[in-house]
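Student: Quick one: the structure is below, questions incoming.
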Amino acid sequence: MTPPDPSLLSRTASLAELKATLGDLLAPARQTAEAEAEIGEKTETQEKTGTQRHAHTAAREEEEGVLEKIFPHGLPAGELIEILHRGFGSGTLALCLARVASRDGRAIAVLDPCRQFYPHPATAIGIAPQQLIVLRPKRSTEAIWALEQAVRCRGFAAVLWRAVRPTLRHLRRLQHACEQYDTLGLLLRAETTRRQPTAARTRLRVTATDAHRPGRHASPFFQHRLCIERLRGAHLAAGNRIELEMDYASGTFRQAPSLPLAP
Amino acid sequence: MQAERSVRRHLCLWLPDPLPPDEAERGERLKAPHRREREQKRLEAFALWCQQFSPCVSIEREPGERGIAGSTLLLEITGLGPLFGGEQGLVKTLSRALCRRHVRAHLGLANSIGTAWALAHFGRYPVLDDPPPFRAPAIALHQLAPGTPPLKTLAPLPVAALRLQPGAIESLALLGIHTVGQLLALPRKQLASRFGKEVAQSIDRVTGNLAESLPILPPPEETSAEWSFEFPTCDCDLVNAVFRQLVDRIGHTLSDRSRIPLGIACRLKLQDRTEVHFAVALYHACGDVPHLAELLGLRLERTPLTAPVCDIILTVTESAQQEYRQLTWFDHHEGAHSTDSLPTNPFAASLERCLERLHGRLGSRAVAQPQLRTDAIAERAVRFVSTARRSRRNRTPAIRKTSHSIDLRPLWLHRNPQRIEITRCDRDDLPLEFYCLGGHHTVRLIEGPERIESSRHTHHRARRVFRDYYRVETTSLKRFWIFRTARDWFLHGQFD
């Protein structure tokens, strides 16, 4: 441990004092070309960010337009929505609805007793990982209890579950809890259960269609169409049926354009 | 070897600055006596905090005593090195913890209390050739190896390093004796007669020839509450009512010390002379008695009891200082956005309560948050972390923001890939029909391969992965994520 040179210390201290007084004026002059390049880079970054923001806003507006067609009174945040699915795509649609409901920063609960939920698709469609809470109860009684607790918590914007078979009594309790605590309940069930009674105020049938729209993406797996059909509920003003186009590359959905009629 | 075992090691902490105040104390303007009292309390709390590094901690000097700035603590660390990975490990851990608390300290490490004290307070003088093992701007370490003679090392230091009274220092200065070396050059026999016993004793304290004792701070009292039933009971409602009473009692005891329970351990003594232990923990110290009792009740529901309960003992495992915050009207509306443009949950407190209940009933592993990792292998690219652990470690989310991935991944991933039976193949050996999940599937579209391979540096053979993944759409409009290894085909996930 050698003591620092006192003259060096005093010089450093005086320099620091000078810098504090003068601030940026003390910074050395830079080459004009370098400064110009830096300004150019900054402008380019700002333009790029602005374009991205514009695209994001446009996609969001488009989504809101579609949601208005499905739910003319707005997304029913305090309601239990039962989604009867045939084919793929219903889970992603449910996550999209949960994302819209959780824009205020509230969390999303996923009840996953089978321990199969994989969060990458959720993050790909724009849900922040810190918003996701995965509940993995071991017993069915615990699953029902956890579901009710999650629905009754105002901190959750949406609660998504599948593979749990609540009874009609439980569903009725959940529907009431959703209304009371302003939570969106999303129940995924197979289409084969449509004959079973339900207490959900809204029941939608979501069917994957095989109409691929070529050209937008090289891979047909990045985009697909879903047909949404109202079975129960006061929503879906634009007729009983609407077709959506899910885009996995951008994580958005829009109304599917109708195919041209054959002459 | 025998001599080394008998060596005692002491660590002296000189805190030249006053300890930083708590959040509640910030901004307070106190008069001098109150300020001094508050500083003493802060030092006591700090000494108790230091007991995590050594059970023997004593306050050697109160703030500003003996005309030296700051305060001094002494820790006996004899034999504690192996617990921290060696003596240097202990010093490193302590230094990091001090940095985290924003405490500036000078550490002195030696065989005797006197030498450690001298090194901590006057170690800035060039007496040590060895560079310190840990460099931090706020921490200075001066140490002496066990075998080194202390007097030779301390010779260039001023006589004040021997902890002499100001009068003795002045009389020595009048005679032109300013350093320890000059004092040691005088005949030993004359020291006592010329300067009194104090000088000779302080030299003996440095060498370790004179034993020195310091009052060790007692550890904080354990806060617990106990209830014995007159007759053993199986009634959960009764046990829950007792929980409420006991938690209430604990809350009152702790509130006298301005503390709030953060974690409670429960011990149930059963009629068959067995004991059941469980614990509950909170995210925040809330002091809400019904909520804590509810958590204990939920945890009890999950615990099988083999016999009726005779006694209940609740012990506080962790407590926190009470915080006083001014209430704000616009807490979550304006400017309450986090760094990554995600708005703050307006019902965060409600969410935390709910998560605590879920933890209590389902267990900590059953309530998790995903943590994404940069690993190409699907099952290793995500880790589910218990929300309790995460919120204890860091309040801010530790997940880095992920960009929109162009790789399509299924929404439901099987924990263990399931072998599928290929019933018909095409020319390229790709499946046209296969059997899985209890049904036959005919392939309509297939896309791939996407090769995923583990690193060549993976040492465990069992963890090595070499897979060709395909996305498959069937005629029944189901999408699967399947892969091929050298021998078989497996189903790994389902798109939904």
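Residue numbers start at 1 in each chain; chains themselves are named A, B, ... in the order of the structure tokens; ligands are numbered from 1 in the order shown.
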Contacts of stretch 377-386 of chain B at 9 Å or less, counting only C-alpha atoms, minus same-chain residues fewer than 2 places along, as a VMD selection string?
Tutor: (chain A and resid 118 to 120 134) or (chain B and resid 364 to 375 388 to 391 409 413 to 415 452 to 454 465)
Student: Can you pull out every residue within 9 Å of stretch 245-250 of chain A, counting only C-alpha atoms, but drop anything in the same chain fewer than 6 positions away, and send it as a list in words?
Tutor: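 Here the qualifying residues turn out to be Ala59, Gly89, Thr92, Leu93, Pro121, Ala124, Ile125, Gly126, His217, Phe221, Phe222, Gln223, His224, Arg225, Leu226, Cys227, Ala256 and Pro257 of chain A; His404, Ser405, Ile406, Asp407 and Leu408 of chain B.
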Student: Write out as number ranges by chain all residues of stretch 20-257 of chain A that DSSP puts in alpha helix (DSSP H) for this structure's backbone.
Tutor: A: 20-22, 32-70, 90-101, 120-124, 140-151, 168-181
Student: Give me, as a Markdown table, the closest atom pair and its distance (Å, one decimal) for every residue of chain A within a cut-off of 6 Å of chain B, counting only C-alpha atoms, rows sorted by chain and rising number.
Tutor:
```
| residue | atom | partner | partner_atom | distance |
| --- | --- | --- | --- | --- |
| A:Met1 | CA | B:Pro126 | CA | 5.2 |
| A:Thr2 | CA | B:Pro126 | CA | 5.7 |
| A:Gly87 | CA | B:Leu477 | CA | 4.7 |
| A:Phe88 | CA | B:Asp496 | CA | 4.5 |
| A:Gly89 | CA | B:Asp496 | CA | 4.6 |
| A:Ser90 | CA | B:Asp496 | CA | 5.8 |
| A:Gly91 | CA | B:Asp496 | CA | 4.9 |
| A:Gly105 | CA | B:Asn345 | CA | 4.5 |
| A:Arg106 | CA | B:Asn345 | CA | 4.7 |
| A:Gln116 | CA | B:Trp412 | CA | 4.9 |
| A:Phe117 | CA | B:Trp412 | CA | 4.8 |
| A:Tyr118 | CA | B:Leu411 | CA | 5.1 |
| A:Pro121 | CA | B:Leu411 | CA | 5.9 |
| A:Ala124 | CA | B:His404 | CA | 4.8 |
| A:Ile133 | CA | B:Gln369 | CA | 5.1 |
| A:Val134 | CA | B:Ala368 | CA | 5.3 |
| A:Leu135 | CA | B:Val367 | CA | 4.8 |
| A:Arg136 | CA | B:Ala366 | CA | 4.6 |
| A:Pro137 | CA | B:Ala366 | CA | 5.8 |
| A:Gly155 | CA | B:Leu351 | CA | 4.5 |
| A:Ala249 | CA | B:Ile406 | CA | 6.0 |
```
Student: I need the residue nearest A:Arg241 from this list: A:Thr183, A:Ser140, A:Thr207, A:Ser219. Use only C-alpha atoms for the distance.
Tutor: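 Distance minimum relative to A:Arg241 lands on A:Thr207.
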Student: Which neighbours of A:Ala107 fall inside 6 Å, counting only C-alpha atoms, when residues of the same chain fewer than 5 positions from it are skipped, and could you give them as a VMD selection string?
Tutor: chain A and resid 131 to 132 156 to 157
Student: Near stretch 104-118 of chain B, counting only C-alpha atoms, which residues have an atom at most 7 Å away, once you skip same-chain residues fewer than 2 positions from it, shown as a PyMOL selection string?
Tutor: chain B and resi 7-17+102+120-123+138-146+150+161-162+205-208
Student: Dump N, CA and C atoms for the selected residues as a short mmCIF file (atom, residue, chain, number, x, y, z; two decimals), in the first residue's frame?
Tutor:
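For reference, out.cif as written:
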```cif
data_model
loop_
_atom_site.label_atom_id
_atom_site.label_comp_id
_atom_site.auth_asym_id
_atom_site.auth_seq_id
_atom_site.Cartn_x
_atom_site.Cartn_y
_atom_site.Cartn_z
N VAL B 7 -4.39 -20.46 17.52
CA VAL B 7 -4.36 -19.05 17.13
C VAL B 7 -5.77 -18.49 17.10
N ARG B 8 -5.94 -17.32 17.68
CA ARG B 8 -7.25 -16.67 17.65
C ARG B 8 -7.21 -15.58 16.58
N ARG B 9 -8.32 -15.40 15.89
CA ARG B 9 -8.36 -14.39 14.84
C ARG B 9 -9.46 -13.39 15.17
N HIS B 10 -9.12 -12.14 15.02
CA HIS B 10 -10.08 -11.07 15.33
C HIS B 10 -10.20 -10.15 14.13
N LEU B 11 -11.42 -9.71 13.94
CA LEU B 11 -11.69 -8.78 12.84
C LEU B 11 -12.26 -7.50 13.45
N CYS B 12 -11.59 -6.41 13.13
CA CYS B 12 -12.05 -5.13 13.66
C CYS B 12 -12.68 -4.31 12.53
N LEU B 13 -13.84 -3.75 12.78
CA LEU B 13 -14.52 -2.92 11.77
C LEU B 13 -14.54 -1.49 12.27
N TRP B 14 -13.84 -0.65 11.58
CA TRP B 14 -13.93 0.78 11.91
C TRP B 14 -14.86 1.43 10.90
N LEU B 15 -15.93 2.02 11.40
CA LEU B 15 -16.90 2.70 10.54
C LEU B 15 -16.67 4.19 10.69
N PRO B 16 -15.89 4.80 9.79
CA PRO B 16 -15.54 6.22 9.98
C PRO B 16 -16.72 7.17 9.85
N ASP B 17 -17.73 6.76 9.09
CA ASP B 17 -18.90 7.64 8.90
C ASP B 17 -20.06 7.14 9.75
N HIS B 102 -24.38 0.15 1.80
CA HIS B 102 -23.78 1.48 1.62
C HIS B 102 -23.04 1.93 2.88
N ALA B 120 -7.06 -1.58 11.58
CA ALA B 120 -8.29 -1.00 11.03
C ALA B 120 -8.25 0.52 11.07
N HIS B 121 -7.72 1.08 12.17
CA HIS B 121 -7.76 2.54 12.32
C HIS B 121 -6.58 3.25 11.67
N PHE B 122 -5.43 2.58 11.66
CA PHE B 122 -4.23 3.27 11.14
C PHE B 122 -3.58 2.47 10.02
N GLY B 123 -4.30 1.55 9.45
CA GLY B 123 -3.74 0.70 8.39
C GLY B 123 -3.48 1.44 7.10
N ALA B 138 -15.47 1.45 -1.07
CA ALA B 138 -15.89 1.82 0.29
C ALA B 138 -15.23 0.97 1.36
N ILE B 139 -14.51 -0.07 0.98
CA ILE B 139 -13.96 -1.01 1.95
C ILE B 139 -12.43 -1.00 1.85
N ALA B 140 -11.77 -0.93 2.98
CA ALA B 140 -10.31 -1.05 3.00
C ALA B 140 -9.95 -2.16 3.97
N LEU B 141 -9.16 -3.11 3.51
CA LEU B 141 -8.81 -4.25 4.35
C LEU B 141 -7.31 -4.22 4.64
N HIS B 142 -6.95 -4.40 5.91
CA HIS B 142 -5.55 -4.49 6.31
C HIS B 142 -5.44 -5.71 7.19
N GLN B 143 -4.62 -6.64 6.79
CA GLN B 143 -4.57 -7.89 7.53
C GLN B 143 -3.14 -8.30 7.82
N LEU B 144 -3.04 -9.15 8.81
CA LEU B 144 -1.75 -9.66 9.20
C LEU B 144 -1.86 -11.18 9.25
N ALA B 145 -0.96 -11.85 8.54
CA ALA B 145 -0.99 -13.32 8.51
C ALA B 145 -0.70 -13.86 9.91
N PRO B 146 -1.20 -15.08 10.23
CA PRO B 146 -1.06 -15.61 11.59
C PRO B 146 0.38 -15.65 12.11
N PRO B 150 3.55 -8.95 15.31
CA PRO B 150 2.77 -7.72 15.16
C PRO B 150 3.56 -6.44 15.42
N ALA B 161 -2.15 4.22 17.75
CA ALA B 161 -2.59 2.90 17.30
C ALA B 161 -2.61 1.90 18.45
N LEU B 162 -1.94 2.24 19.58
CA LEU B 162 -1.92 1.32 20.73
C LEU B 162 -3.11 1.55 21.67
N ARG B 205 -1.22 -5.99 25.00
CA ARG B 205 -2.49 -6.30 24.33
C ARG B 205 -2.28 -6.52 22.84
N VAL B 206 -1.39 -5.73 22.26
CA VAL B 206 -1.10 -5.87 20.83
C VAL B 206 -0.43 -7.20 20.55
N THR B 207 0.52 -7.58 21.42
CA THR B 207 1.22 -8.84 21.18
C THR B 207 0.38 -10.06 21.56
N GLY B 208 -0.67 -9.83 22.33
CA GLY B 208 -1.53 -10.94 22.74
C GLY B 208 -1.09 -11.54 24.06
#
```
